[in-house]
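Note: the block below is my_file-v1.cif and it holds mmCIF, C-alpha atoms and all ligand atoms.
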data_final
#
loop_
_atom_site.label_atom_id
_atom_site.label_comp_id
_atom_site.auth_asym_id
_atom_site.auth_seq_id
_atom_site.Cartn_x
_atom_site.Cartn_y
_atom_site.Cartn_z
CA MET A 1 14.67 -17.91 -6.62
CA LYS A 2 11.55 -19.02 -4.78
CA ILE A 3 9.86 -15.86 -3.57
CA LEU A 4 6.94 -15.55 -1.19
CA ILE A 5 4.97 -12.33 -1.72
CA THR A 6 2.39 -11.72 1.03
CA GLY A 7 -0.70 -9.60 0.36
CA GLY A 8 -0.31 -10.07 -3.38
CA ALA A 9 -4.05 -9.88 -4.05
CA GLY A 10 -4.23 -6.36 -2.62
CA PHE A 11 -3.59 -3.03 -4.32
CA ILE A 12 0.22 -2.67 -4.25
CA GLY A 13 0.86 -6.40 -3.87
CA SER A 14 -0.91 -7.22 -7.14
CA HIS A 15 1.33 -4.79 -9.03
CA VAL A 16 4.42 -6.31 -7.39
CA VAL A 17 3.30 -9.87 -8.20
CA ARG A 18 2.59 -8.92 -11.83
CA LEU A 19 5.98 -7.23 -12.22
CA PHE A 20 7.92 -10.15 -10.75
CA VAL A 21 5.96 -12.88 -12.59
CA ASN A 22 6.39 -11.16 -15.97
CA LYS A 23 9.94 -9.87 -15.53
CA TYR A 24 11.49 -12.96 -13.94
CA PRO A 25 10.15 -16.09 -15.68
CA ASN A 26 12.83 -18.15 -13.93
CA TYR A 27 11.67 -17.17 -10.45
CA GLU A 28 8.88 -19.09 -8.75
CA ILE A 29 6.47 -16.55 -7.31
CA TYR A 30 4.11 -17.60 -4.49
CA ASN A 31 1.35 -15.16 -3.54
CA LEU A 32 0.02 -15.72 -0.01
CA ASP A 33 -3.16 -13.81 0.77
CA LYS A 34 -6.06 -14.14 3.21
CA LEU A 35 -8.40 -12.43 0.73
CA THR A 36 -9.85 -9.98 3.24
CA TYR A 37 -12.25 -7.33 1.93
CA ALA A 38 -9.15 -5.68 0.35
CA GLY A 39 -7.81 -8.77 -1.40
CA ASN A 40 -9.19 -9.55 -4.84
CA LEU A 41 -7.95 -12.23 -7.24
CA GLU A 42 -9.59 -10.28 -10.10
CA ASN A 43 -6.56 -7.98 -9.76
CA LEU A 44 -4.34 -10.79 -11.09
CA LYS A 45 -6.53 -12.31 -13.84
CA ASP A 46 -3.92 -11.53 -16.52
CA ILE A 47 -1.14 -13.55 -14.88
CA GLU A 48 -2.95 -16.31 -12.96
CA GLU A 49 -2.18 -18.98 -15.60
CA LYS A 50 1.56 -18.23 -15.80
CA PRO A 51 3.70 -21.30 -14.99
CA ASN A 52 5.87 -19.42 -12.48
CA TYR A 53 2.88 -18.20 -10.39
CA THR A 54 1.11 -19.95 -7.50
CA PHE A 55 -1.64 -18.55 -5.26
CA ILE A 56 -1.88 -19.71 -1.65
CA HIS A 57 -4.95 -18.81 0.41
CA GLY A 58 -3.94 -18.32 4.05
CA ASP A 59 -3.60 -16.10 7.08
CA ILE A 60 -0.22 -14.80 8.29
CA VAL A 61 -1.63 -14.66 11.84
CA ASP A 62 -1.69 -18.48 11.92
CA GLY A 63 1.86 -19.23 13.06
CA ASP A 64 1.73 -23.03 12.55
CA PHE A 65 0.37 -22.65 9.05
CA ILE A 66 3.14 -20.16 8.19
CA GLN A 67 5.91 -22.37 9.58
CA ASN A 68 4.59 -25.40 7.68
CA LEU A 69 4.41 -23.35 4.49
CA PHE A 70 8.07 -22.31 4.82
CA ASN A 71 9.12 -25.87 5.67
CA GLU A 72 7.34 -27.15 2.57
CA HIS A 73 8.46 -24.57 0.03
CA LYS A 74 11.85 -23.42 1.38
CA PHE A 75 11.43 -19.87 0.05
CA ASN A 76 14.69 -17.95 -0.29
CA GLY A 77 13.08 -14.54 -0.54
CA VAL A 78 10.11 -12.89 1.16
CA ILE A 79 8.45 -9.63 0.11
CA HIS A 80 5.99 -8.86 2.88
CA LEU A 81 3.09 -6.57 1.98
CA ALA A 82 0.13 -8.24 3.72
CA ALA A 83 -1.39 -5.80 6.16
CA GLU A 84 -4.49 -4.07 7.32
CA SER A 85 -3.82 -0.79 5.55
CA HIS A 86 -6.61 1.75 6.10
CA VAL A 87 -6.17 4.37 8.84
CA ASP A 88 -9.93 4.92 9.36
CA ARG A 89 -10.54 1.21 9.94
CA SER A 90 -7.68 1.17 12.46
CA ILE A 91 -9.47 3.89 14.43
CA SER A 92 -12.70 1.88 14.62
CA ASN A 93 -11.08 -1.58 15.00
CA PRO A 94 -7.43 -1.52 16.16
CA MET A 95 -7.16 -5.21 17.10
CA GLU A 96 -7.20 -6.49 13.50
CA PHE A 97 -4.18 -4.24 12.90
CA ILE A 98 -2.29 -5.56 15.92
CA GLN A 99 -2.93 -9.14 14.82
CA THR A 100 -2.09 -8.92 11.14
CA ASN A 101 0.51 -6.16 11.11
CA ILE A 102 2.45 -7.15 14.25
CA VAL A 103 1.74 -10.82 15.07
CA GLY A 104 1.58 -11.74 11.36
CA THR A 105 4.96 -10.11 10.69
CA VAL A 106 6.59 -11.91 13.64
CA ASN A 107 5.19 -15.24 12.40
CA LEU A 108 6.86 -14.66 9.04
CA LEU A 109 10.15 -13.57 10.68
CA ASN A 110 10.16 -16.69 12.89
CA ALA A 111 9.45 -19.00 9.95
CA ALA A 112 12.20 -17.43 7.81
CA LYS A 113 14.66 -17.57 10.71
CA ALA A 114 13.86 -21.24 11.37
CA ILE A 115 14.48 -22.42 7.80
CA TRP A 116 17.39 -20.07 7.01
CA LYS A 117 19.29 -20.37 10.33
CA ASP A 118 22.13 -22.52 8.99
CA ASN A 119 22.82 -20.40 5.96
CA PHE A 120 21.68 -16.81 5.47
CA GLU A 121 23.47 -16.45 2.13
CA ASN A 122 21.30 -15.30 -0.77
CA LYS A 123 18.27 -15.01 1.49
CA LEU A 124 16.27 -11.84 2.03
CA PHE A 125 13.28 -10.80 4.12
CA TYR A 126 11.98 -7.57 2.60
CA HIS A 127 9.41 -5.70 4.71
CA ILE A 128 7.20 -3.12 2.99
CA SER A 129 6.31 -0.22 5.24
CA THR A 130 4.92 3.29 5.19
CA ASP A 131 6.03 6.89 5.70
CA GLU A 132 3.30 7.20 8.36
CA VAL A 133 5.66 5.64 10.94
CA TYR A 134 7.57 8.95 10.99
CA GLY A 135 4.52 10.89 12.20
CA SER A 136 3.49 14.29 10.90
CA LEU A 137 5.40 17.24 9.45
CA ASN A 138 4.56 20.93 9.62
CA ASP A 139 5.03 23.10 6.52
CA GLU A 140 8.79 22.55 6.33
CA GLY A 141 11.13 19.55 6.00
CA PHE A 142 11.02 15.96 4.78
CA PHE A 143 11.13 12.46 6.26
CA THR A 144 14.56 10.88 5.85
CA GLU A 145 15.64 7.38 6.88
CA GLU A 146 16.98 8.94 10.11
CA THR A 147 13.72 10.67 11.14
CA PRO A 148 12.68 9.29 14.56
CA TYR A 149 9.50 7.22 14.61
CA SER A 150 6.40 9.00 15.94
CA PRO A 151 3.27 7.17 14.73
CA HIS A 152 -0.15 8.59 15.63
CA SER A 153 -2.81 6.14 14.42
CA PRO A 154 -3.26 2.50 15.44
CA TYR A 155 -2.38 1.67 11.81
CA SER A 156 0.91 3.57 11.78
CA ALA A 157 1.75 2.40 15.31
CA SER A 158 1.27 -1.22 14.22
CA LYS A 159 3.46 -0.66 11.13
CA ALA A 160 6.12 1.06 13.28
CA SER A 161 6.04 -1.90 15.65
CA SER A 162 6.53 -4.36 12.77
CA ASP A 163 9.45 -2.27 11.42
CA HIS A 164 11.12 -2.39 14.86
CA LEU A 165 10.65 -6.15 15.01
CA VAL A 166 12.16 -6.62 11.55
CA ARG A 167 15.23 -4.56 12.62
CA ALA A 168 15.41 -6.48 15.90
CA TYR A 169 15.56 -9.81 14.00
CA ASN A 170 18.38 -8.39 11.88
CA ASP A 171 20.30 -7.04 14.90
CA THR A 172 19.70 -10.02 17.18
CA PHE A 173 19.67 -13.02 14.86
CA ASP A 174 21.46 -11.63 11.76
CA LEU A 175 18.34 -12.36 9.72
CA PRO A 176 18.99 -10.66 6.35
CA THR A 177 16.31 -7.98 6.19
CA VAL A 178 15.62 -4.78 4.32
CA ILE A 179 12.80 -2.25 4.85
CA SER A 180 11.28 0.44 2.66
CA ASN A 181 8.92 3.20 3.75
CA CYS A 182 6.76 4.63 1.00
CA SER A 183 4.43 7.60 0.64
CA ASN A 184 0.78 7.50 -0.54
CA ASN A 185 0.21 5.29 -3.58
CA TYR A 186 -2.48 5.76 -6.20
CA GLY A 187 -3.40 3.90 -9.38
CA GLN A 188 -5.57 1.08 -10.70
CA ASN A 189 -6.99 -1.63 -8.39
CA GLN A 190 -6.94 0.52 -5.22
CA PHE A 191 -9.88 -0.30 -2.95
CA PRO A 192 -12.37 2.61 -2.87
CA GLU A 193 -11.95 3.32 0.83
CA LYS A 194 -8.83 5.39 0.10
CA LEU A 195 -9.17 9.03 -1.00
CA ILE A 196 -8.67 8.88 -4.79
CA PRO A 197 -10.74 5.79 -5.72
CA LEU A 198 -13.44 6.66 -3.16
CA PHE A 199 -13.83 10.10 -4.71
CA ILE A 200 -13.76 8.70 -8.27
CA ASN A 201 -16.57 6.28 -7.36
CA ASN A 202 -18.61 9.01 -5.65
CA ILE A 203 -18.21 11.38 -8.59
CA ILE A 204 -19.37 8.67 -11.01
CA ASN A 205 -22.44 8.15 -8.79
CA LYS A 206 -22.94 11.90 -8.10
CA LYS A 207 -22.55 11.27 -4.35
CA SER A 208 -21.11 13.83 -1.93
CA LEU A 209 -17.31 14.01 -1.59
CA PRO A 210 -16.48 13.77 2.15
CA VAL A 211 -13.44 15.99 2.83
CA TYR A 212 -12.05 15.59 6.35
CA GLY A 213 -11.60 18.84 8.30
CA LYS A 214 -10.62 21.75 6.09
CA GLY A 215 -8.93 19.66 3.40
CA ILE A 216 -5.55 21.22 4.23
CA ASN A 217 -3.65 17.98 4.94
CA VAL A 218 -0.80 17.25 2.56
CA ARG A 219 0.22 13.89 1.09
CA ASP A 220 3.08 12.94 -1.26
CA TRP A 221 1.55 10.82 -4.06
CA LEU A 222 3.35 8.08 -5.99
CA TYR A 223 1.99 6.03 -8.91
CA VAL A 224 1.69 2.43 -7.75
CA VAL A 225 3.70 0.98 -10.66
CA ASP A 226 6.60 3.23 -9.61
CA HIS A 227 6.39 1.77 -6.10
CA ALA A 228 6.52 -1.73 -7.60
CA THR A 229 9.65 -0.86 -9.62
CA ALA A 230 11.28 0.59 -6.49
CA ILE A 231 10.52 -2.68 -4.67
CA ASP A 232 12.14 -4.61 -7.55
CA VAL A 233 15.27 -2.43 -7.35
CA ILE A 234 15.52 -2.67 -3.55
CA PHE A 235 14.91 -6.43 -3.52
CA HIS A 236 17.76 -6.98 -5.98
CA LYS A 237 20.21 -4.19 -5.12
CA GLY A 238 19.35 -3.02 -1.58
CA LYS A 239 21.90 -3.51 1.18
CA VAL A 240 21.00 -5.96 3.93
CA GLY A 241 20.07 -4.19 7.17
CA GLU A 242 19.25 -0.91 5.40
CA THR A 243 16.10 1.17 5.10
CA TYR A 244 15.08 3.05 1.95
CA ASN A 245 12.47 5.80 1.71
CA ILE A 246 10.32 5.82 -1.45
CA GLY A 247 8.36 8.92 -2.47
CA GLY A 248 6.91 10.76 -5.42
CA ASN A 249 8.34 14.20 -4.66
CA ASN A 250 4.77 15.18 -5.40
CA GLU A 251 3.01 16.96 -2.57
CA TRP A 252 -0.64 17.91 -2.79
CA LYS A 253 -2.95 19.57 -0.31
CA ASN A 254 -6.06 17.31 -0.25
CA ILE A 255 -8.47 20.00 -1.40
CA ASP A 256 -6.25 21.00 -4.35
CA LEU A 257 -5.92 17.38 -5.44
CA ILE A 258 -9.68 16.87 -5.12
CA LYS A 259 -10.40 19.91 -7.30
CA VAL A 260 -8.04 18.64 -10.02
CA LEU A 261 -9.70 15.22 -9.82
CA CYS A 262 -13.15 16.86 -10.17
CA LYS A 263 -11.98 18.70 -13.32
CA VAL A 264 -10.55 15.54 -14.88
CA MET A 265 -13.73 13.60 -14.08
CA ASP A 266 -16.05 16.33 -15.47
CA LYS A 267 -14.09 16.23 -18.73
CA LYS A 268 -14.05 12.43 -18.98
CA LEU A 269 -17.74 12.10 -18.09
CA GLY A 270 -18.79 14.91 -20.42
CA ARG A 271 -20.22 16.89 -17.52
CA GLU A 272 -20.33 20.67 -17.19
CA VAL A 273 -17.14 22.28 -15.82
CA GLY A 274 -17.56 22.68 -12.04
CA GLU A 275 -20.33 20.07 -11.68
CA SER A 276 -18.32 17.59 -9.57
CA GLU A 277 -16.82 20.29 -7.34
CA LYS A 278 -20.35 21.03 -6.12
CA LEU A 279 -20.31 17.57 -4.49
CA ILE A 280 -17.50 18.59 -2.08
CA THR A 281 -18.73 18.38 1.53
CA TYR A 282 -16.53 19.21 4.52
CA ILE A 283 -17.07 16.70 7.34
CA VAL A 284 -15.74 16.05 10.85
CA ASP A 285 -11.96 15.59 10.76
CA ARG A 286 -10.25 12.19 11.11
CA ALA A 287 -9.11 11.67 14.74
CA GLY A 288 -5.36 12.27 15.10
CA HIS A 289 -5.19 13.35 11.44
CA ASP A 290 -1.52 13.81 10.42
CA LEU A 291 -1.03 17.21 8.78
CA ARG A 292 1.69 16.54 6.24
CA TYR A 293 3.78 13.68 4.85
CA ALA A 294 6.72 14.34 2.53
CA ILE A 295 9.46 11.88 1.68
CA ASP A 296 13.11 12.50 0.91
CA SER A 297 14.06 9.56 -1.35
CA THR A 298 17.59 10.81 -2.14
CA LYS A 299 19.23 7.67 -0.72
CA LEU A 300 17.25 5.36 -3.01
CA GLN A 301 17.78 7.61 -6.02
CA LYS A 302 21.54 8.09 -5.46
CA GLU A 303 22.54 4.64 -4.18
CA LEU A 304 20.24 2.40 -6.22
CA GLY A 305 19.36 4.62 -9.19
CA TRP A 306 15.55 4.55 -8.89
CA LYS A 307 13.29 7.48 -9.72
CA PRO A 308 9.55 7.92 -10.32
CA SER A 309 8.60 7.64 -13.99
CA LEU A 310 5.27 9.45 -14.19
CA GLN A 311 4.10 13.02 -13.70
CA PHE A 312 1.10 13.18 -11.37
CA GLU A 313 -1.32 14.63 -13.97
CA GLU A 314 -0.52 11.73 -16.32
CA GLY A 315 -0.83 9.14 -13.55
CA LEU A 316 -4.13 10.59 -12.36
CA GLU A 317 -5.61 10.49 -15.89
CA LYS A 318 -4.48 6.89 -16.32
CA THR A 319 -6.06 6.03 -12.98
CA VAL A 320 -9.38 7.72 -13.80
CA ASP A 321 -9.42 6.01 -17.24
CA TRP A 322 -8.90 2.62 -15.58
CA TYR A 323 -11.78 3.08 -13.11
CA LEU A 324 -14.10 4.32 -15.88
CA ALA A 325 -13.21 1.31 -18.04
CA ASN A 326 -13.59 -1.12 -15.11
CA THR A 327 -16.97 -0.26 -13.64
CA GLU A 328 -17.68 -3.98 -13.14
CA TRP A 329 -14.64 -4.27 -10.83
CA LEU A 330 -15.80 -1.14 -9.00
CA ASN A 331 -19.41 -2.33 -8.70
CA ASN A 332 -18.30 -5.74 -7.39
CA VAL A 333 -16.13 -4.28 -4.62
CA THR A 334 -18.67 -1.63 -3.59
CA SER A 335 -21.61 -3.98 -3.12
CA GLY A 336 -22.45 -5.77 0.14
CA ALA A 337 -20.04 -5.15 3.04
CA TYR A 338 -18.74 -1.92 1.47
CA LYS A 339 -22.17 -0.29 1.78
CA GLU A 340 -22.23 -1.10 5.50
CA TYR A 341 -18.67 0.23 5.95
CA TYR A 342 -19.55 3.42 4.11
CA LEU A 343 -22.65 4.10 6.22
CA LYS A 344 -20.77 3.48 9.46
CA GLN A 345 -17.80 5.59 8.43
CA TYR A 346 -19.57 8.59 6.90
CA SER A 347 -23.13 8.91 8.25
CA GLN A 348 -23.54 11.51 11.02
CA LYS A 349 -20.27 13.22 10.13
CA GLU A 350 -21.63 15.86 7.75
P1 LIG B 401 -4.37 -3.44 0.68
O1 LIG B 401 -5.23 -3.24 1.89
O2 LIG B 401 -4.88 -3.04 -0.66
O3 LIG B 401 -3.96 -4.99 0.57
C1 LIG B 401 -3.57 -5.75 1.67
C2 LIG B 401 -3.58 -7.22 1.27
O4 LIG B 401 -3.16 -7.99 2.39
C3 LIG B 401 -4.97 -7.74 0.86
O5 LIG B 401 -4.87 -8.52 -0.32
C4 LIG B 401 -5.40 -8.60 2.04
O6 LIG B 401 -6.27 -9.66 1.67
C5 LIG B 401 -4.06 -9.10 2.55
N1 LIG B 401 -4.12 -9.46 3.98
C6 LIG B 401 -4.62 -8.71 4.99
N2 LIG B 401 -4.53 -9.39 6.15
C7 LIG B 401 -3.92 -10.58 5.87
C8 LIG B 401 -3.54 -11.69 6.66
N3 LIG B 401 -3.78 -11.72 7.98
N4 LIG B 401 -2.93 -12.72 6.05
C9 LIG B 401 -2.68 -12.71 4.71
N5 LIG B 401 -3.05 -11.69 3.92
C10 LIG B 401 -3.66 -10.62 4.49
O7 LIG B 401 -3.00 -2.72 1.04
P2 LIG B 401 -2.01 -1.89 0.09
O8 LIG B 401 -2.46 -0.49 0.04
O9 LIG B 401 -1.76 -2.65 -1.15
O10 LIG B 401 -0.70 -1.93 1.01
C11 LIG B 401 0.22 -3.02 0.94
C12 LIG B 401 1.37 -2.78 1.89
O11 LIG B 401 2.02 -1.56 1.56
C13 LIG B 401 0.93 -2.63 3.35
O12 LIG B 401 1.90 -3.26 4.15
C14 LIG B 401 0.93 -1.14 3.60
O13 LIG B 401 1.19 -0.84 4.94
C15 LIG B 401 2.06 -0.69 2.69
N6 LIG B 401 1.95 0.68 2.16
C16 LIG B 401 0.81 1.11 1.54
C17 LIG B 401 0.77 2.39 1.01
C18 LIG B 401 -0.45 2.91 0.30
O14 LIG B 401 -0.48 4.09 -0.07
N7 LIG B 401 -1.46 2.11 0.02
C19 LIG B 401 1.89 3.24 1.10
C20 LIG B 401 3.03 2.76 1.75
C21 LIG B 401 3.06 1.47 2.27
O1 LIG B 402 1.40 7.53 3.50
C1 LIG B 402 1.24 6.17 3.19
C2 LIG B 402 -0.13 5.72 3.63
O2 LIG B 402 -1.05 6.32 2.74
C3 LIG B 402 -0.29 4.20 3.64
O3 LIG B 402 0.57 3.64 4.60
C4 LIG B 402 -1.74 3.81 3.97
O4 LIG B 402 -1.89 2.41 3.87
C5 LIG B 402 -2.65 4.50 2.98
O5 LIG B 402 -3.99 4.23 3.34
C6 LIG B 402 -2.40 6.01 2.97
O6 LIG B 402 -2.86 6.62 4.21
P1 LIG B 402 -3.68 8.01 4.23
O7 LIG B 402 -4.44 8.05 5.49
O8 LIG B 402 -2.81 9.15 3.89
O9 LIG B 402 -4.65 7.75 2.93
P2 LIG B 402 -6.20 8.02 2.70
O10 LIG B 402 -6.46 7.75 1.26
O11 LIG B 402 -7.06 7.34 3.70
O12 LIG B 402 -6.33 9.58 2.95
C7 LIG B 402 -5.57 10.52 2.20
C8 LIG B 402 -5.92 11.91 2.73
O13 LIG B 402 -7.29 12.21 2.39
C9 LIG B 402 -5.85 12.03 4.24
O14 LIG B 402 -5.38 13.31 4.60
C10 LIG B 402 -7.28 11.85 4.71
C11 LIG B 402 -8.08 12.46 3.55
N1 LIG B 402 -9.42 11.85 3.33
C12 LIG B 402 -9.49 10.51 3.16
C13 LIG B 402 -10.68 9.87 2.98
C14 LIG B 402 -10.78 8.37 2.81
C15 LIG B 402 -10.55 12.63 3.26
O15 LIG B 402 -10.49 13.88 3.38
N2 LIG B 402 -11.76 12.02 3.06
C16 LIG B 402 -11.87 10.67 2.94
O16 LIG B 402 -13.02 10.17 2.79
#
Can you turn what I pasted into structure tokens?
Ligand code: NAD
Ligand code: DAU
Amino acid sequence: MKILITGGAGFIGSHVVRLFVNKYPNYEIYNLDKLTYAGNLENLKDIEEKPNYTFIHGDIVDGDFIQNLFNEHKFNGVIHLAAESHVDRSISNPMEFIQTNIVGTVNLLNAAKAIWKDNFENKLFYHISTDEVYGSLNDEGFFTEETPYSPHSPYSASKASSDHLVRAYNDTFDLPTVISNCSNNYGQNQFPEKLIPLFINNIINKKSLPVYGKGINVRDWLYVVDHATAIDVIFHKGKVGETYNIGGNNEWKNIDLIKVLCKVMDKKLGREVGESEKLITYIVDRAGHDLRYAIDSTKLQKELGWKPSLQFEEGLEKTVDWYLANTEWLNNVTSGAYKEYYLKQYSQKE
């Protein structure tokens, strides 16, 4: 197999690349990444010298570059993770999301279609998507694979659009595709713009913890390594044309999760019980903030035999331990442009 993984220098992508490179020494794994603010080759230091791994620096929005790359390497599998992934950034700058998430996905679909058109056998275009395409739930119910799409942010709308295009290429051109929609991931190497690593970094630095609205929104958290193993299972055993939901069956109201995180951090940092909770600051809510996400992953569990391996408390401790042991990584990604982003995103909202 010659597999192209896009966005492999990012948070989830780096875990997928590591899993595939280590588990399948006979596969050739190509990691294509633009190295935006969210892409970081430090995430892959441990595998960069492996003989079955190649990094390619490039932009999926450049259609000619993508077609040439497929012509040259004749990939027979694609696992597409490259995306602009942060909801808040999509509110302040939607166009980047339209370009990368929609145009970039179509460029990859076109390139795969062009080189595979004479023989679709043993080929697969696997598109990684999000539960946010389904919209927002109230207190009851779960997202299933049949839940109608109802995205609310420019990010989720761009992901929904790319999902529709992937299905359209399967329906119209018979391109062998599969899609998975996953809930919120957490774990090592996540960029500190997302809730858990941002709050870990702020607690370390005794900075305020900016909770949107009343902190009552609910997310279903999955350890990133469990997402990577689900992607492995779906890539190898998923049925062409199908969609699989991936979730942690692990719902947390933001404020409850934040209080647990504060307790864990106080203990690890040797601070007084309750010290970090004092940093909690309620700020203006995110525009169009979805109330609740919760995934029903029965199909994946029953048909393909996957299930999450970690309890949340264990995963959270592992995550905190990793950030505390990797302050250099954290300091590198929070210098420069991050400071500007942080000021723009959070000043005037308290
Ligand atoms: P991330 O922001 O950490 O990483 C995205 C990666 O894509 C980065 O390495 C970046 O450099 C690269 N990239 C961005 N634009 C590119 C372009 N134009 N060309 C090539 N590379 C580009 O994202 P993540 O959290 O790891 O998410 C990965 C995928 O999983 C995304 O498609 C996202 O929608 C999806 N997803 C994420 C979550 C989550 O909780 N983080 C949950 C479900 C699904
Ligand atoms: O559900 C899957 C999605 O999960 C992925 O598709 C996205 O790529 C990923 O970013 C994530 O989206 P969320 O918007 O749910 O994640 P985020 O970490 O930004 O926020 C989680 C919750 O915490 C959400 O209700 C907003 C809240 N929040 C977030 C930040 C960054 C705060 O209260 N304060 C904050 O500063």
Local residues around (10.0, -10.0, 10.8), at most 10 Å away, using all atoms listed in the file, as a ChimeraX atom specification: /A:80,102-113,125-127,162-170,175,177
Shell of 10 Å around range 6-19 of chain A, only C-alpha atoms, local chain residues under 6 positions omitted, as a ChimeraX atom specification: /A:29-48,53,55-56,58-60,78-85,108,127-128,185-191,224-232
Generate a file of the selected residues that holds C-alpha atoms, formatted as a PDB file, in the frame of the given file.
ATOM      1  CA  ILE A  29       6.470 -16.550  -7.310  1.00  0.00           C
ATOM      2  CA  TYR A  30       4.110 -17.600  -4.490  1.00  0.00           C
ATOM      3  CA  ASN A  31       1.350 -15.160  -3.540  1.00  0.00           C
ATOM      4  CA  LEU A  32       0.020 -15.720  -0.010  1.00  0.00           C
ATOM      5  CA  ASP A  33      -3.160 -13.810   0.770  1.00  0.00           C
ATOM      6  CA  LYS A  34      -6.060 -14.140   3.210  1.00  0.00           C
ATOM      7  CA  LEU A  35      -8.400 -12.430   0.730  1.00  0.00           C
ATOM      8  CA  THR A  36      -9.850  -9.980   3.240  1.00  0.00           C
ATOM      9  CA  TYR A  37     -12.250  -7.330   1.930  1.00  0.00           C
ATOM     10  CA  ALA A  38      -9.150  -5.680   0.350  1.00  0.00           C
ATOM     11  CA  GLY A  39      -7.810  -8.770  -1.400  1.00  0.00           C
ATOM     12  CA  ASN A  40      -9.190  -9.550  -4.840  1.00  0.00           C
ATOM     13  CA  LEU A  41      -7.950 -12.230  -7.240  1.00  0.00           C
ATOM     14  CA  GLU A  42      -9.590 -10.280 -10.100  1.00  0.00           C
ATOM     15  CA  ASN A  43      -6.560  -7.980  -9.760  1.00  0.00           C
ATOM     16  CA  LEU A  44      -4.340 -10.790 -11.090  1.00  0.00           C
ATOM     17  CA  LYS A  45      -6.530 -12.310 -13.840  1.00  0.00           C
ATOM     18  CA  ASP A  46      -3.920 -11.530 -16.520  1.00  0.00           C
ATOM     19  CA  ILE A  47      -1.140 -13.550 -14.880  1.00  0.00           C
ATOM     20  CA  GLU A  48      -2.950 -16.310 -12.960  1.00  0.00           C
ATOM     21  CA  TYR A  53       2.880 -18.200 -10.390  1.00  0.00           C
ATOM     22  CA  PHE A  55      -1.640 -18.550  -5.260  1.00  0.00           C
ATOM     23  CA  ILE A  56      -1.880 -19.710  -1.650  1.00  0.00           C
ATOM     24  CA  GLY A  58      -3.940 -18.320   4.050  1.00  0.00           C
ATOM     25  CA  ASP A  59      -3.600 -16.100   7.080  1.00  0.00           C
ATOM     26  CA  ILE A  60      -0.220 -14.800   8.290  1.00  0.00           C
ATOM     27  CA  VAL A  78      10.110 -12.890   1.160  1.00  0.00           C
ATOM     28  CA  ILE A  79       8.450  -9.630   0.110  1.00  0.00           C
ATOM     29  CA  HIS A  80       5.990  -8.860   2.880  1.00  0.00           C
ATOM     30  CA  LEU A  81       3.090  -6.570   1.980  1.00  0.00           C
ATOM     31  CA  ALA A  82       0.130  -8.240   3.720  1.00  0.00           C
ATOM     32  CA  ALA A  83      -1.390  -5.800   6.160  1.00  0.00           C
ATOM     33  CA  GLU A  84      -4.490  -4.070   7.320  1.00  0.00           C
ATOM     34  CA  SER A  85      -3.820  -0.790   5.550  1.00  0.00           C
ATOM     35  CA  LEU A 108       6.860 -14.660   9.040  1.00  0.00           C
ATOM     36  CA  HIS A 127       9.410  -5.700   4.710  1.00  0.00           C
ATOM     37  CA  ILE A 128       7.200  -3.120   2.990  1.00  0.00           C
ATOM     38  CA  ASN A 185       0.210   5.290  -3.580  1.00  0.00           C
ATOM     39  CA  TYR A 186      -2.480   5.760  -6.200  1.00  0.00           C
ATOM     40  CA  GLY A 187      -3.400   3.900  -9.380  1.00  0.00           C
ATOM     41  CA  GLN A 188      -5.570   1.080 -10.700  1.00  0.00           C
ATOM     42  CA  ASN A 189      -6.990  -1.630  -8.390  1.00  0.00           C
ATOM     43  CA  GLN A 190      -6.940   0.520  -5.220  1.00  0.00           C
ATOM     44  CA  PHE A 191      -9.880  -0.300  -2.950  1.00  0.00           C
ATOM     45  CA  VAL A 224       1.690   2.430  -7.750  1.00  0.00           C
ATOM     46  CA  VAL A 225       3.700   0.980 -10.660  1.00  0.00           C
ATOM     47  CA  ASP A 226       6.600   3.230  -9.610  1.00  0.00           C
ATOM     48  CA  HIS A 227       6.390   1.770  -6.100  1.00  0.00           C
ATOM     49  CA  ALA A 228       6.520  -1.730  -7.600  1.00  0.00           C
ATOM     50  CA  THR A 229       9.650  -0.860  -9.620  1.00  0.00           C
ATOM     51  CA  ALA A 230      11.280   0.590  -6.490  1.00  0.00           C
ATOM     52  CA  ILE A 231      10.520  -2.680  -4.670  1.00  0.00           C
ATOM     53  CA  ASP A 232      12.140  -4.610  -7.550  1.00  0.00           C
TER      54      ASP A 232
END
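Counting only C-alpha atoms and comparing A:Tyr342, A:Lys259, A:Tyr24, A:Asn201, the residue that lies closest to Trp329 in chain A is A:Asn201.
Atom pair CA of Ile204 in chain A / CA of Ser276 in chain A has a distance of 9.1 Å (rounded to one decimal).
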Residue nearest ligand LIG 401 (chain B) among A:Ser180, A:Thr334, A:Ser309, A:Asn26 (counting all atoms listed in the file):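 Looking only at the distances to ligand LIG 401 (chain B), the closest residue turns out to be A:Ser180.
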Quick one: what's the axis-aligned box for ligand LIG 401 (chain B), all listed atoms, 8 Å on every side, centre and edges in Å to one decimal, as JSON?
{"center_x": -1.6, "center_y": -4.3, "center_z": 3.4, "size_x": 25.3, "size_y": 32.8, "size_z": 25.1}
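CA of Val264 in chain A to CA of Glu277 in chain A spans 10.9 Å [interatomic distance, one decimal].
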Å distance separating atom O7 of ligand LIG 401 (chain B) from CA of His236 in chain A, one decimal place: 22.3 Å
Residue nearest ligand LIG 401 (chain B) - candidates A:Asn68, A:Asn245, A:Asn93, A:Ser208, atoms counted: only C-alpha atoms and all ligand atoms: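 Once distances to ligand LIG 401 (chain B) are computed over only C-alpha atoms and all ligand atoms, the minimum belongs to A:Asn245.
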